[in-house]
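The structure appears below as structure tokens.
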Number of protein chains: 2
Amino acid sequence: MVRIVVDGMGGDDAPRSIVKGAALASEEYHLQIILVGQEERLKDELAKTKFSKGKISIHPASEVVEMHEPASLSIRRKKDSSIAVSVDLLKEGKADALVTAGNTGAAVAAATLKLRMLEGIERAGIAIPIPTLAGHSLLIDAGANIDSKPKHLLQYAVMGGVYMNHVLGIKNPKIGLLNIGEEETKGTNFIKESYRLLSSSGINFIGNIEGKDIFTGNSDCIICDGFIGNVVLKVAENLAETIAELLKRELKKSFLTRLGAVLAKSGFLNLKKKMDYAEYGGALLLGVNGRYVISHGSSSPKAIKNAIRVAGECVNHHVNQHILERLANQSPAT
Amino acid sequence: MVRIVVDGMGGDDAPRSIVKGAALASEEYHLQIILVGQEERLKDELAKTKFSKGKISIHPASEVVEMHEPASLSIRRKKDSSIAVSVDLLKEGKADALVTAGNTGAAVAAATLKLRMLEGIERAGIAIPIPTLAGHSLLIDAGANIDSKPKHLLQYAVMGGVYMNHVLGIKNPKIGLLNIGEEETKGTNFIKESYRLLSSSGINFIGNIEGKDIFTGNSDCIICDGFIGNVVLKVAENLAETIAELLKRELKKSFLTRLGAVLAKSGFLNLKKKMDYAEYGGALLLGVNGRYVISHGSSSPKAIKNAIRVAGECVNHHVNQHILERLANQSPAT
């Protein structure tokens with residue numbers, strides 16, 4: 001049975017939401033789950049929930065990296081933190097994939113320091129599926145690294161393409177570079193150099209795409225530096241919530257609009273489900289030597305359950321192996 | 001009477017939408033409008049619409065800068081383009097403010113080359129009001145310049161603060177720096193250096209804000225480099241449209257949701273109005289020695305009408321004069 005190690009202490013509502021999510025996953029999926037963290041607290045939470053006996057075990061870790069601690073420093077100082085111990089278990093082959101909803105910087109640092117990178121990859125990238133008019137696209141990097149170089153964007157493109165192909169079944173996925181205009185001459189020197197590199201790489205590069213093109217779904221992978229990817233992701237999340245809130249306020253204003261809202265409720269709920277990150281379960285940290293799912297800090301139990309599912313799928317789809325094969329066939333571009 | 005020069009040929013649907021917008025403005029506002037462009041075409045369009053006689057005149061310009069032409073080059077080559085001639089009129093004091101919905105790069109280049117900058121400002125910034133849960137915030141720079149330096153962000157902060165104070169009446173506006181985390185230690189070296197500069201500048205700097213904070217309205221001005229500002233703006237615009245489209249699809253699925261949508265229609269329309277850039281009429285190009293409104297390329301006649309109103313307001317609020325005064329009182333930070 002595939003074994004997923006779950007950082008039990010990472011997340012705004014940890015360990016409660018994490019344990020609940022693991023419990024849900026244990027009932028739904030054929031997976032073995034190892035919860036890592038402060039034993040008593042995890043046991044207490046587990047005692048409160050229904051779960052599939054024999055599919056969840058607890059592995060002790062005495063320390064916790066808080067959500068706002070500096071990333072690398074916390075990993076070096078807190079050797080017995082739940083995230084550090086989780087990564088150790090993955091590295092030692094005692095688990096096949098990892099899930100964490102903790103401090104993203106610390107999660108990336110732990111992966112990078114302990115697991116090392118895949119051969120041919122210099123920087124890890126957070127790859128996150130985003131809903132579009134056409135289905136889903138993958139944004140990479142959503143914030144693992146800032147100040148990336150053009151060759152790192154090419155590596156993101158290769159990894160994102162492999163993911164879309166082997167996990168979502170999209171043949172020859174279209175790769176777009178996030179820029180401020182469509183023309184080759186647009187953007188900073190960094191972007192122009194990345195454009196040249198992507199053009200000559202042999203991947204299915206469709207050129208620059210703008211912020212307004214992301215949600216049309218015209219490109220299967222959206223490639224960008226982690227600074228811009230992180231801002232875009234947080235803008236999108238928050239704008240969707242803001243629109244929902246503003247609409248709610250408007251619909252409360254009269255009897256007719258209130259009645260309309262009640263009748264239309266199933267439509268709103270379907271849309272909410274489509275836009276809800278909890279349905280996707282989290283982002284993949286691609287490029288590290290291990291299967292690594294990073295979930296939103298405010299993950300609900302459902303989001304954690306789905307993150308555990310995604311981690312399991314990664315194992316079954318051999319994403320890292322396909323990335324290595326793809327890189328071996330890649331024309332040397334850097 | 002305040003005189004507004006309007007680039008009659010700039011925009012996806014120019015000159016039609018521009019002339020229609022100018023005609024609407026002539027009926028609604030106490031302003032003199034000078035339409036610049038190919039005389040026959042402007043006359044033809046004007047003949048088709050109702051407008052206040054004596055408040056619109058036409059000034060000839062034989063050439064047109066197309067939407068995708070390279071910015072500086074087109075301004076240098078097409079000396080008789082509608083945007084170049086419009087800026088000349090503004091510079092010669094034959095108009096008090098300018099409105100264009102044409103090629104943004106060319107509009108910025110024409111302003112920068114011909115009008116020059118305000119004393120103490122090195123880079124112009126596009127300042128655009130965005131709707132938030134609290135009202136409106138100003139994003140600056142939305143794409144006038146990329147690869148800015150920390151001192152340029154400080155200049156944006158000063159200009160944005162003056163605008164919010166003198167045009168929107170917000171006392172001591174709160175200035176936030178767009179970053180990937182709240183902590184002072186987050187972000188690129190460029191961002192960290194900008195943070196230090198803003199902190200010691202004496203403005204009401206509230207620190208870093210994340211993409212998720214933009215629409216809460218906690219900060220009155222959101223400061224960023226033009227690359228990221230442009231991407232954010234286009235993401236936000238497109239996501240709002242995507243959500244509307246997805247919701248429409250969902251609400252069409254059953255009789256009940258269709259009925260609900262009809263009853264709730266006024267709520268949807270109110271929200272649409274709140275989110276609609278056409279209501280705000282365009283962005284200001286702050287920092288150049290002249291009052292300069294840049295509208296969306298796809299501006300409707302209503303958007304052009306509102307842009308002309310905004311241009312008029314700029315004249316009445318003496319924004320540039322207040323910027324100069326603010327800079328004179330600024331402690332030397334660079």
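Going by the structure tokens order, chains are called A, B, ..., each with residues numbered from 1, while ligands are numbered from 1 in the order shown.
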Legend entry - All strand (DSSP E or B) residues (DSSP, backbone) inside range 92-273 of chain A, as a ChimeraX atom specification: /A:97-100,117,125-131,136-140,175-178,205-209,221-223
Write a file of the selected residues as an mmCIF file, in the first residue's frame, keeping N, CA, C and O atoms.
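Final file, again-v1.cif:
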data_model
loop_
_atom_site.group_PDB
_atom_site.id
_atom_site.type_symbol
_atom_site.label_atom_id
_atom_site.label_comp_id
_atom_site.auth_asym_id
_atom_site.auth_seq_id
_atom_site.Cartn_x
_atom_site.Cartn_y
_atom_site.Cartn_z
ATOM 1 N N ALA A 97 5.345 9.534 -0.289
ATOM 2 C CA ALA A 97 5.037 10.924 -0.630
ATOM 3 C C ALA A 97 4.721 11.679 0.650
ATOM 4 O O ALA A 97 4.422 11.067 1.684
ATOM 5 N N LEU A 98 4.802 13.004 0.587
ATOM 6 C CA LEU A 98 4.621 13.845 1.771
ATOM 7 C C LEU A 98 3.554 14.909 1.531
ATOM 8 O O LEU A 98 3.429 15.427 0.422
ATOM 9 N N VAL A 99 2.801 15.224 2.594
ATOM 10 C CA VAL A 99 1.817 16.318 2.547
ATOM 11 C C VAL A 99 2.068 17.257 3.717
ATOM 12 O O VAL A 99 2.203 16.802 4.858
ATOM 13 N N THR A 100 2.149 18.564 3.436
ATOM 14 C CA THR A 100 2.223 19.545 4.526
ATOM 15 C C THR A 100 1.388 20.776 4.207
ATOM 16 O O THR A 100 1.334 21.202 3.048
ATOM 17 N N MET A 117 17.824 18.061 -5.223
ATOM 18 C CA MET A 117 17.054 18.244 -6.451
ATOM 19 C C MET A 117 17.185 17.027 -7.367
ATOM 20 O O MET A 117 18.132 16.252 -7.248
ATOM 21 N N GLY A 125 9.975 24.207 -8.027
ATOM 22 C CA GLY A 125 8.889 25.127 -8.350
ATOM 23 C C GLY A 125 7.576 24.602 -7.778
ATOM 24 O O GLY A 125 7.309 23.401 -7.827
ATOM 25 N N ILE A 126 6.791 25.505 -7.211
ATOM 26 C CA ILE A 126 5.464 25.101 -6.731
ATOM 27 C C ILE A 126 4.502 25.150 -7.915
ATOM 28 O O ILE A 126 4.329 26.179 -8.549
ATOM 29 N N ALA A 127 3.914 24.005 -8.219
ATOM 30 C CA ALA A 127 3.004 23.882 -9.362
ATOM 31 C C ALA A 127 1.584 23.743 -8.847
ATOM 32 O O ALA A 127 1.272 22.817 -8.104
ATOM 33 N N ILE A 128 0.738 24.677 -9.227
ATOM 34 C CA ILE A 128 -0.621 24.667 -8.677
ATOM 35 C C ILE A 128 -1.659 24.711 -9.804
ATOM 36 O O ILE A 128 -1.550 25.509 -10.721
ATOM 37 N N PRO A 129 -2.634 23.807 -9.750
ATOM 38 C CA PRO A 129 -3.683 23.803 -10.775
ATOM 39 C C PRO A 129 -4.660 24.948 -10.504
ATOM 40 O O PRO A 129 -5.060 25.166 -9.366
ATOM 41 N N ILE A 130 -5.006 25.694 -11.553
ATOM 42 C CA ILE A 130 -5.986 26.754 -11.375
ATOM 43 C C ILE A 130 -7.149 26.548 -12.345
ATOM 44 O O ILE A 130 -6.956 26.120 -13.475
ATOM 45 N N PRO A 131 -8.376 26.829 -11.871
ATOM 46 C CA PRO A 131 -9.546 26.617 -12.723
ATOM 47 C C PRO A 131 -9.601 27.660 -13.838
ATOM 48 O O PRO A 131 -9.294 28.829 -13.609
ATOM 49 N N HIS A 136 -8.545 23.150 -16.509
ATOM 50 C CA HIS A 136 -7.503 23.550 -15.569
ATOM 51 C C HIS A 136 -6.194 23.843 -16.266
ATOM 52 O O HIS A 136 -5.837 23.178 -17.224
ATOM 53 N N SER A 137 -5.472 24.814 -15.735
ATOM 54 C CA SER A 137 -4.101 25.048 -16.169
ATOM 55 C C SER A 137 -3.218 24.932 -14.940
ATOM 56 O O SER A 137 -3.701 24.965 -13.809
ATOM 57 N N LEU A 138 -1.928 24.782 -15.186
ATOM 58 C CA LEU A 138 -0.970 24.657 -14.089
ATOM 59 C C LEU A 138 -0.103 25.908 -14.048
ATOM 60 O O LEU A 138 0.500 26.286 -15.055
ATOM 61 N N LEU A 139 -0.054 26.558 -12.892
ATOM 62 C CA LEU A 139 0.836 27.709 -12.721
ATOM 63 C C LEU A 139 2.085 27.236 -11.990
ATOM 64 O O LEU A 139 1.998 26.609 -10.935
ATOM 65 N N ILE A 140 3.266 27.524 -12.548
ATOM 66 C CA ILE A 140 4.527 27.139 -11.899
ATOM 67 C C ILE A 140 5.553 28.235 -12.183
ATOM 68 O O ILE A 140 5.679 28.628 -13.322
ATOM 69 N N ILE A 175 2.702 25.539 -23.445
ATOM 70 C CA ILE A 175 3.430 26.266 -22.402
ATOM 71 C C ILE A 175 3.412 27.759 -22.725
ATOM 72 O O ILE A 175 3.824 28.161 -23.817
ATOM 73 N N GLY A 176 2.942 28.577 -21.808
ATOM 74 C CA GLY A 176 2.943 30.031 -21.995
ATOM 75 C C GLY A 176 3.812 30.720 -20.955
ATOM 76 O O GLY A 176 3.916 30.260 -19.819
ATOM 77 N N LEU A 177 4.452 31.811 -21.358
ATOM 78 C CA LEU A 177 5.305 32.583 -20.448
ATOM 79 C C LEU A 177 4.530 33.829 -20.010
ATOM 80 O O LEU A 177 4.064 34.598 -20.853
ATOM 81 N N LEU A 178 4.386 34.015 -18.710
ATOM 82 C CA LEU A 178 3.611 35.155 -18.203
ATOM 83 C C LEU A 178 4.387 36.455 -18.404
ATOM 84 O O LEU A 178 5.495 36.606 -17.908
ATOM 85 N N PHE A 205 6.099 25.544 -26.847
ATOM 86 C CA PHE A 205 6.018 26.897 -26.296
ATOM 87 C C PHE A 205 5.131 27.761 -27.185
ATOM 88 O O PHE A 205 5.415 27.940 -28.365
ATOM 89 N N ILE A 206 4.043 28.314 -26.602
ATOM 90 C CA ILE A 206 3.120 29.114 -27.419
ATOM 91 C C ILE A 206 3.403 30.610 -27.296
ATOM 92 O O ILE A 206 2.672 31.430 -27.827
ATOM 93 N N GLY A 207 4.443 30.980 -26.562
ATOM 94 C CA GLY A 207 4.826 32.392 -26.481
ATOM 95 C C GLY A 207 4.362 33.063 -25.207
ATOM 96 O O GLY A 207 4.018 32.397 -24.223
ATOM 97 N N ASN A 208 4.383 34.382 -25.227
ATOM 98 C CA ASN A 208 3.974 35.150 -24.051
ATOM 99 C C ASN A 208 2.470 35.097 -23.853
ATOM 100 O O ASN A 208 1.709 35.124 -24.818
ATOM 101 N N ILE A 209 2.047 35.034 -22.618
ATOM 102 C CA ILE A 209 0.635 35.228 -22.319
ATOM 103 C C ILE A 209 0.535 36.331 -21.273
ATOM 104 O O ILE A 209 1.460 36.547 -20.491
ATOM 105 N N CYS A 221 0.170 25.274 -19.291
ATOM 106 C CA CYS A 221 1.096 25.622 -18.212
ATOM 107 C C CYS A 221 1.444 27.095 -18.307
ATOM 108 O O CYS A 221 1.758 27.581 -19.394
ATOM 109 N N ILE A 222 1.396 27.777 -17.192
ATOM 110 C CA ILE A 222 1.777 29.183 -17.138
ATOM 111 C C ILE A 222 3.073 29.262 -16.346
ATOM 112 O O ILE A 222 3.123 28.897 -15.173
ATOM 113 N N ILE A 223 4.114 29.748 -17.021
ATOM 114 C CA ILE A 223 5.452 29.745 -16.433
ATOM 115 C C ILE A 223 5.794 31.146 -15.937
ATOM 116 O O ILE A 223 5.619 32.128 -16.658
#
What are the closest atom pairs, with distances in Å to one decimal, for each residue of chain B lying within 8 Å of chain A, using only C-alpha atoms, rows by chain and rising residue number, as JSON lines?
{"residue": "B:Thr132", "atom": "CA", "partner": "A:Thr242", "partner_atom": "CA", "distance": 7.6}
{"residue": "B:Leu133", "atom": "CA", "partner": "A:Thr242", "partner_atom": "CA", "distance": 6.8}
{"residue": "B:Ile146", "atom": "CA", "partner": "A:Thr188", "partner_atom": "CA", "distance": 6.6}
{"residue": "B:Asp147", "atom": "CA", "partner": "A:Thr188", "partner_atom": "CA", "distance": 6.6}
{"residue": "B:Asn179", "atom": "CA", "partner": "A:Val231", "partner_atom": "CA", "distance": 7.2}
{"residue": "B:Ile180", "atom": "CA", "partner": "A:Val231", "partner_atom": "CA", "distance": 6.2}
{"residue": "B:Gly187", "atom": "CA", "partner": "A:Ile146", "partner_atom": "CA", "distance": 7.3}
{"residue": "B:Thr188", "atom": "CA", "partner": "A:Asp147", "partner_atom": "CA", "distance": 6.6}
{"residue": "B:Glu210", "atom": "CA", "partner": "A:Val231", "partner_atom": "CA", "distance": 6.7}
{"residue": "B:Gly211", "atom": "CA", "partner": "A:Val235", "partner_atom": "CA", "distance": 4.4}
{"residue": "B:Lys212", "atom": "CA", "partner": "A:Lys234", "partner_atom": "CA", "distance": 4.7}
{"residue": "B:Asp213", "atom": "CA", "partner": "A:Asn238", "partner_atom": "CA", "distance": 7.4}
{"residue": "B:Ile214", "atom": "CA", "partner": "A:Val235", "partner_atom": "CA", "distance": 7.2}
{"residue": "B:Phe215", "atom": "CA", "partner": "A:Leu239", "partner_atom": "CA", "distance": 6.5}
{"residue": "B:Thr216", "atom": "CA", "partner": "A:Thr242", "partner_atom": "CA", "distance": 7.7}
{"residue": "B:Phe227", "atom": "CA", "partner": "A:Ile180", "partner_atom": "CA", "distance": 6.5}
{"residue": "B:Ile228", "atom": "CA", "partner": "A:Ile228", "partner_atom": "CA", "distance": 6.5}
{"residue": "B:Asn230", "atom": "CA", "partner": "A:Ile180", "partner_atom": "CA", "distance": 6.3}
{"residue": "B:Val231", "atom": "CA", "partner": "A:Gly211", "partner_atom": "CA", "distance": 4.8}
{"residue": "B:Val232", "atom": "CA", "partner": "A:Val232", "partner_atom": "CA", "distance": 6.2}
{"residue": "B:Leu233", "atom": "CA", "partner": "A:Gly211", "partner_atom": "CA", "distance": 7.5}
{"residue": "B:Lys234", "atom": "CA", "partner": "A:Gly211", "partner_atom": "CA", "distance": 4.6}
{"residue": "B:Val235", "atom": "CA", "partner": "A:Gly211", "partner_atom": "CA", "distance": 4.3}
{"residue": "B:Ala236", "atom": "CA", "partner": "A:Ala236", "partner_atom": "CA", "distance": 6.8}
{"residue": "B:Glu237", "atom": "CA", "partner": "A:Lys212", "partner_atom": "CA", "distance": 6.9}
{"residue": "B:Asn238", "atom": "CA", "partner": "A:Lys212", "partner_atom": "CA", "distance": 4.8}
{"residue": "B:Leu239", "atom": "CA", "partner": "A:Phe215", "partner_atom": "CA", "distance": 6.5}
{"residue": "B:Ala240", "atom": "CA", "partner": "A:Ala240", "partner_atom": "CA", "distance": 7.5}
{"residue": "B:Thr242", "atom": "CA", "partner": "A:Phe215", "partner_atom": "CA", "distance": 6.7}
{"residue": "B:Ile243", "atom": "CA", "partner": "A:Ala240", "partner_atom": "CA", "distance": 7.6}
{"residue": "B:Leu246", "atom": "CA", "partner": "A:Leu271", "partner_atom": "CA", "distance": 6.8}
{"residue": "B:Leu247", "atom": "CA", "partner": "A:Leu271", "partner_atom": "CA", "distance": 6.1}
{"residue": "B:Glu250", "atom": "CA", "partner": "A:Gly267", "partner_atom": "CA", "distance": 4.9}
{"residue": "B:Leu251", "atom": "CA", "partner": "A:Gly267", "partner_atom": "CA", "distance": 5.1}
{"residue": "B:Lys253", "atom": "CA", "partner": "A:Gly267", "partner_atom": "CA", "distance": 7.8}
{"residue": "B:Leu256", "atom": "CA", "partner": "A:Leu263", "partner_atom": "CA", "distance": 5.6}
{"residue": "B:Thr257", "atom": "CA", "partner": "A:Ala264", "partner_atom": "CA", "distance": 3.9}
{"residue": "B:Arg258", "atom": "CA", "partner": "A:Ala264", "partner_atom": "CA", "distance": 7.0}
{"residue": "B:Leu259", "atom": "CA", "partner": "A:Gly260", "partner_atom": "CA", "distance": 7.0}
{"residue": "B:Gly260", "atom": "CA", "partner": "A:Gly260", "partner_atom": "CA", "distance": 3.7}
{"residue": "B:Ala261", "atom": "CA", "partner": "A:Gly260", "partner_atom": "CA", "distance": 5.9}
{"residue": "B:Val262", "atom": "CA", "partner": "A:Gly260", "partner_atom": "CA", "distance": 7.0}
{"residue": "B:Leu263", "atom": "CA", "partner": "A:Gly260", "partner_atom": "CA", "distance": 4.6}
{"residue": "B:Ala264", "atom": "CA", "partner": "A:Thr257", "partner_atom": "CA", "distance": 3.9}
{"residue": "B:Lys265", "atom": "CA", "partner": "A:Thr257", "partner_atom": "CA", "distance": 7.1}
{"residue": "B:Ser266", "atom": "CA", "partner": "A:Thr257", "partner_atom": "CA", "distance": 7.1}
{"residue": "B:Gly267", "atom": "CA", "partner": "A:Glu250", "partner_atom": "CA", "distance": 4.9}
{"residue": "B:Phe268", "atom": "CA", "partner": "A:Leu247", "partner_atom": "CA", "distance": 6.9}
{"residue": "B:Asn270", "atom": "CA", "partner": "A:Glu250", "partner_atom": "CA", "distance": 6.9}
{"residue": "B:Leu271", "atom": "CA", "partner": "A:Leu247", "partner_atom": "CA", "distance": 6.1}
Inset, instruction - Go through B:Asp220, B:Pro173, B:Leu73, B:Gly102 and flag the residue nearest Ile203 in chain B, using only C-alpha atoms for the distances. - result: B:Pro173
Inset, instruction - Enumerate as JSON, numbers by chain all residues of range 101-283 of chain B assigned to helix (DSSP H, G or I) by DSSP on the backbone, naming them with the chain letters and numbers the document uses. - result: {"B": [104, 105, 106, 107, 108, 109, 110, 111, 112, 113, 114, 115, 150, 151, 152, 153, 154, 155, 156, 157, 158, 159, 160, 161, 162, 163, 164, 165, 166, 189, 190, 191, 192, 193, 194, 195, 196, 197, 198, 199, 211, 212, 213, 214, 215, 216, 226, 227, 228, 229, 230, 231, 232, 233, 234, 235, 236, 237, 238, 239, 240, 241, 242, 243, 244, 245, 246, 247, 248, 249, 250, 251, 255, 256, 257, 258, 259, 260, 261, 262, 263, 265, 266, 267, 268, 269, 270, 271, 272, 273, 274, 275, 277, 278, 279, 280]}
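Shell of range 11-14 of chain A at 10 Å, with only C-alpha atoms counted and residues fewer than 2 places along the chain excluded, is Asp7, Gly8, Met9, Arg16, Ser17, Ile18, Val19, Lys20, Arg41, Leu42, Glu45, Val65, Glu66, Met67, Thr100, Ala101, Gly102, Asn103, Thr104, Ser295, His296, Gly297, Ser298, Ser299, Ser300 and Pro301 of chain A.
Of note, CA of His317 in chain B and CA of Leu197 in chain B are spaced 28.0 Å apart.
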Legend entry - Two-atom distance - CA of Ala307 in chain A, CA of Leu327 in chain A (Å): 26.7 Å
Legend entry - Residues within 12 Å of Ser26 in chain A, only C-alpha atoms, excluding chain neighbours under 5 positions, as a PyMOL selection string: chain A and resi 2-4+19-21+31-35+46+49-57+304-306+308-309
Inset, instruction - Give the answer as one residue: which of A:Pro150, A:Pro60, A:Gly135, A:Gly312 has the shortest atom-to-atom distance to Asp80 in chain A, using only C-alpha atoms? - result: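 Among A:Pro150, A:Pro60, A:Gly135, A:Gly312, it is A:Pro60 that comes nearest to Asp80 in chain A.
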Inset, instruction - Return the single residue from B:His322, B:Lys79, B:His59, B:Lys94 that is closest to His166 in chain B, with distances computed using only C-alpha atoms. - result: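 Of B:His322, B:Lys79, B:His59, B:Lys94, the one nearest His166 in chain B, counting only C-alpha atoms, is B:His322.
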Legend entry - Atom pair CA of Leu89 in chain B / CA of Val158 in chain B: separation (Å):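 Between these atoms lies a distance of 27.8 Å.
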